[in-house]
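Comments concern the structure below.
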Amino acid sequence: MSATPAAIALAGAAPGRRPDSFAARFARNRGAVAGAVVLLLVALVAAGADWIYPVNPLRIVGAPEIWPFESWRFPLGTDSMGRDIAALIAHGARATLLIGLVAAATATLIGVSVGAAAAWAGGWIDEALMRLTELFQIIPNVVFVLTVVSVLGPRIENITLAVGLVSWPPIARLTRAEFLSFKEREFVQACRAVGMSPLRIVAGEVLPNALPPVIVMSSLVVAGAILYESVVSFLGLGDPNIASWGRLVGEGRSLIRSSWYICAVPGVAIMLTVLSLNLVGDGLNDALNPKLQKR
């Protein structure tokens, strides 16, 4: 005998239904979904930049300072040197995202390692690592990044390293707090009782439980890394061999009164990307936070 529609509806409303998936929890945050769509578009443009604009974006291809939509060849116009701004935006998306992602990965690796070691070891090791973290926090981040890039040279690798070095302290503090909250839990005590090694407990039991808030923090570090790269390029210390959004803003600042679009176009791209990353971070927090999952 087949179930009636009413019975099916009652069964779906039963309190014992299965919990929502990560994707369903994330999709409830409309801002996060919109941010993910924007980031996907930026990633697609970055991935297809060589196909869309196969010519070197730093090459002069037209008259200088052609305004957007004046020529079908240059939908976003040209800069003061006659380079296609649309090509610079497309190729610059790759450099900007690469710096943001690699810097965030570097910061996360350093921060998780320092925070986990400090919380698990305790004692003088905890004190020493936390004092080291405070040392990095009291140095102005922009000054530190500019100093590292000035000493090592304006290359994309050095910019990424510098941004990663200034971004790890918040992740280290968050990881330490999470590890301290899990360190004395019953399941950790049970692992110790059965003879599991400390490394196995940390890597297999504590770290997976401590990672969700760290992942959220890392998504915000990507946004911060993009802003740092923009500042470095704006001040003329960016890699001269690659196109980046910050470099385009910096090169157009002297023409902001006559050709403001040169700064505005990459500025809008930076704003939308950073805003999208923050919205995605909020969505990840909603989806990964166990307290919010119970609502």
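Please note that chains go A, B, ... in the order of the structure tokens, that every chain numbers its residues from 1, and that ligands are numbered from 1 in the order shown.
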
(Q) So that I can see what lies close to stretch 188-196 of chain A, please list as a list of chain:residue names the residues with an atom at most 12 Å from it, counting only C-alpha atoms and leaving out residues fewer than 4 positions away in the same chain. (A)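 Using only C-alpha atoms, the neighbours found are A:Trp120, A:Phe179, A:Leu180, A:Ser181, A:Phe182, A:Lys183, A:Glu184, A:Arg200, A:Ile201, A:Val202, A:Ala203, A:Gly204, A:Glu205, A:Val206, A:Leu207, A:Asn209.
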
List as JSON lines every residue of stretch 89-181 of chain A that is in contact with stretch 235-245 of chain A, defined as an atom at most 10 Å from one of its atoms (using only C-alpha atoms), together with the nearest atom pair and the distance in Å rounded to one decimal, sorted by chain and then rising number.
```
{"residue": "A:Ile89", "atom": "CA", "partner": "A:Trp245", "partner_atom": "CA", "distance": 6.5}
{"residue": "A:Ala90", "atom": "CA", "partner": "A:Ala243", "partner_atom": "CA", "distance": 8.9}
{"residue": "A:His91", "atom": "CA", "partner": "A:Ala243", "partner_atom": "CA", "distance": 6.2}
{"residue": "A:Gly92", "atom": "CA", "partner": "A:Ser244", "partner_atom": "CA", "distance": 3.9}
{"residue": "A:Ala93", "atom": "CA", "partner": "A:Ser244", "partner_atom": "CA", "distance": 6.9}
{"residue": "A:Arg94", "atom": "CA", "partner": "A:Ser244", "partner_atom": "CA", "distance": 8.2}
{"residue": "A:Ala95", "atom": "CA", "partner": "A:Ser244", "partner_atom": "CA", "distance": 6.0}
{"residue": "A:Thr96", "atom": "CA", "partner": "A:Ser244", "partner_atom": "CA", "distance": 6.2}
{"residue": "A:Leu97", "atom": "CA", "partner": "A:Ser244", "partner_atom": "CA", "distance": 9.8}
{"residue": "A:Leu146", "atom": "CA", "partner": "A:Leu237", "partner_atom": "CA", "distance": 7.8}
{"residue": "A:Val149", "atom": "CA", "partner": "A:Leu237", "partner_atom": "CA", "distance": 7.2}
{"residue": "A:Ser150", "atom": "CA", "partner": "A:Leu237", "partner_atom": "CA", "distance": 7.4}
{"residue": "A:Gly153", "atom": "CA", "partner": "A:Leu237", "partner_atom": "CA", "distance": 8.2}
{"residue": "A:Pro154", "atom": "CA", "partner": "A:Asp239", "partner_atom": "CA", "distance": 5.0}
{"residue": "A:Arg155", "atom": "CA", "partner": "A:Asp239", "partner_atom": "CA", "distance": 4.7}
{"residue": "A:Ile156", "atom": "CA", "partner": "A:Asp239", "partner_atom": "CA", "distance": 5.7}
{"residue": "A:Glu157", "atom": "CA", "partner": "A:Asp239", "partner_atom": "CA", "distance": 9.1}
{"residue": "A:Asn158", "atom": "CA", "partner": "A:Asp239", "partner_atom": "CA", "distance": 9.3}
{"residue": "A:Ile159", "atom": "CA", "partner": "A:Gly238", "partner_atom": "CA", "distance": 7.7}
```

Write a file of the selected residues as a compact mmCIF listing (two decimals), in the first residue's frame, keeping N, CA and C atoms.
```txt
# COMPACT_ATOMS: atom_id res chain seq x y z
N ILE A 89 43.23 43.55 -16.80
CA ILE A 89 42.34 43.06 -15.75
C ILE A 89 42.29 41.53 -15.77
N ALA A 90 42.17 40.95 -16.96
CA ALA A 90 42.06 39.49 -17.07
C ALA A 90 43.34 38.81 -16.60
N HIS A 91 44.49 39.27 -17.08
CA HIS A 91 45.76 38.66 -16.65
C HIS A 91 46.10 39.04 -15.21
N GLY A 92 45.69 40.24 -14.80
CA GLY A 92 45.94 40.65 -13.42
C GLY A 92 45.15 39.84 -12.41
N ALA A 93 43.99 39.31 -12.83
CA ALA A 93 43.20 38.47 -11.93
C ALA A 93 43.98 37.23 -11.53
N ARG A 94 44.75 36.69 -12.47
CA ARG A 94 45.53 35.49 -12.17
C ARG A 94 46.60 35.79 -11.12
N ALA A 95 47.34 36.88 -11.32
CA ALA A 95 48.39 37.23 -10.36
C ALA A 95 47.80 37.57 -9.00
N THR A 96 46.70 38.31 -9.00
CA THR A 96 46.09 38.72 -7.74
C THR A 96 45.58 37.51 -6.95
N LEU A 97 44.86 36.61 -7.62
CA LEU A 97 44.35 35.42 -6.94
C LEU A 97 45.49 34.50 -6.50
N LEU A 146 56.51 46.08 2.94
CA LEU A 146 57.32 46.95 2.09
C LEU A 146 58.81 46.75 2.35
N VAL A 149 59.90 43.35 0.73
CA VAL A 149 59.94 43.46 -0.73
C VAL A 149 61.09 44.36 -1.17
N SER A 150 61.35 45.42 -0.43
CA SER A 150 62.46 46.31 -0.78
C SER A 150 63.81 45.60 -0.65
N GLY A 153 63.62 42.31 -3.20
CA GLY A 153 63.38 42.64 -4.60
C GLY A 153 61.91 42.54 -4.95
N PRO A 154 61.46 43.37 -5.91
CA PRO A 154 60.03 43.39 -6.29
C PRO A 154 59.66 42.24 -7.22
N ARG A 155 59.61 41.05 -6.67
CA ARG A 155 59.19 39.87 -7.43
C ARG A 155 57.94 39.28 -6.78
N ILE A 156 57.15 38.58 -7.58
CA ILE A 156 55.88 38.06 -7.08
C ILE A 156 56.11 37.06 -5.95
N GLU A 157 57.21 36.30 -6.01
CA GLU A 157 57.49 35.34 -4.94
C GLU A 157 57.77 36.06 -3.62
N ASN A 158 58.52 37.15 -3.69
CA ASN A 158 58.85 37.89 -2.47
C ASN A 158 57.63 38.60 -1.89
N ILE A 159 56.76 39.11 -2.76
CA ILE A 159 55.53 39.75 -2.28
C ILE A 159 54.65 38.72 -1.57
```

Q) Counting only C-alpha atoms, what is within 9 Å of A:Leu211, bar same-chain residues fewer than 4 positions away, as a list in words? A)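 Returned residues: Val112, Thr175, Glu178, Val206, Leu207, Ile215 and Val216 of chain A.
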
Those same residues - C-alpha atoms - I'd like them written as a PDB file, in the first residue's frame.
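Below is the file selection27.pdb, written as the result:
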```pdb
ATOM      1  CA  VAL A 112      48.418  26.296  12.562  1.00  0.00           C
ATOM      2  CA  THR A 175      44.434  27.661  16.510  1.00  0.00           C
ATOM      3  CA  GLU A 178      40.824  25.864  19.649  1.00  0.00           C
ATOM      4  CA  VAL A 206      42.237  17.440  17.536  1.00  0.00           C
ATOM      5  CA  LEU A 207      43.242  19.132  14.284  1.00  0.00           C
ATOM      6  CA  ILE A 215      39.302  27.753   7.395  1.00  0.00           C
ATOM      7  CA  VAL A 216      37.010  30.739   7.868  1.00  0.00           C
TER       8      VAL A 216
END
```

Q: Give the answer as one residue: which of A:Leu284, A:Ala47, A:Leu76, A:Val61 has the shortest atom-to-atom distance to A:Ile262, using only C-alpha atoms?
A: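 Residue with the minimum atom-to-atom distance to A:Ile262: A:Leu76.
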
**Q.** Pick from A:Ala172, A:Leu161, A:Ile60, A:Leu109 nearest to A:Leu88, counting only C-alpha atoms
**A.**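 The closest residue to A:Leu88 is A:Ile60.
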
Q: Please provide as a list in words all residues within 9 Å of stretch 34-42 of chain A, with the sequence filter that same-chain residues fewer than 4 positions apart are discarded (counting only C-alpha atoms).
A: Asn29, Arg30, Ala46, Ala47, Ala90, Ala93, Arg94, Leu97, Ala269, Leu272, Thr273, Leu275, Ser276, Leu277, Asn278, Leu279 and Val280 of chain A

**Q.** Interatomic distance, atom CA of A:Phe69 to atom CA of A:Arg253 (Å, one decimal)
**A.**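 Computed distance, atom CA of A:Phe69 to atom CA of A:Arg253, equals 20.9 Å.
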
**Q.** Exercise: A:Leu227 partners within 9 Å, only C-alpha atoms, chain neighbours under 4 positions left out, as a ChimeraX atom specification
**A.** /A:100,222-223,231-232,246,270,274

Would you mind exporting N, CA and C atoms of the selected residues as a CSV table (one decimal), in the first residue's frame?
```
chain,number,residue,atom,x,y,z
A,100,GLY,N,47.0,35.9,-3.4
A,100,GLY,CA,46.1,35.8,-2.3
A,100,GLY,C,46.1,34.4,-1.8
A,222,VAL,N,42.9,35.6,2.6
A,222,VAL,CA,43.1,35.8,1.2
A,222,VAL,C,42.7,37.2,0.8
A,223,ALA,N,41.6,37.7,1.3
A,223,ALA,CA,41.1,39.1,1.1
A,223,ALA,C,42.2,40.1,1.5
A,231,VAL,N,48.5,47.4,-2.3
A,231,VAL,CA,49.2,48.5,-1.7
A,231,VAL,C,50.7,48.5,-2.2
A,232,VAL,N,51.3,47.3,-2.2
A,232,VAL,CA,52.7,47.2,-2.7
A,232,VAL,C,52.8,47.6,-4.1
A,246,GLY,N,46.6,46.1,-8.6
A,246,GLY,CA,47.2,47.2,-7.8
A,246,GLY,C,48.2,48.0,-8.6
A,270,ILE,N,39.1,45.0,-7.5
A,270,ILE,CA,39.6,44.7,-6.1
A,270,ILE,C,38.5,44.7,-5.1
A,274,VAL,N,37.4,41.4,-2.9
A,274,VAL,CA,37.6,41.4,-1.5
A,274,VAL,C,36.2,41.2,-0.8
```

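What separates atom CA of A:Thr108 from atom CA of A:Trp168 is a distance of 6.2 Å.
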
Q.
Give me, as an MDAnalysis selection string, the residues of stretch 90-263 of chain A that a backbone DSSP run labels alpha helix (DSSP H).
A. chainID A and resid 90:121 123:138 141:152 156:183 186:193 198:201 207:234 245:252 261:263

Q | Point-to-point distance in Å for atom CA of A:Arg25 and atom CA of A:Ala287 | A |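 Separating atom CA of A:Ala287 from atom CA of A:Arg25 is a distance of 5.0 Å.
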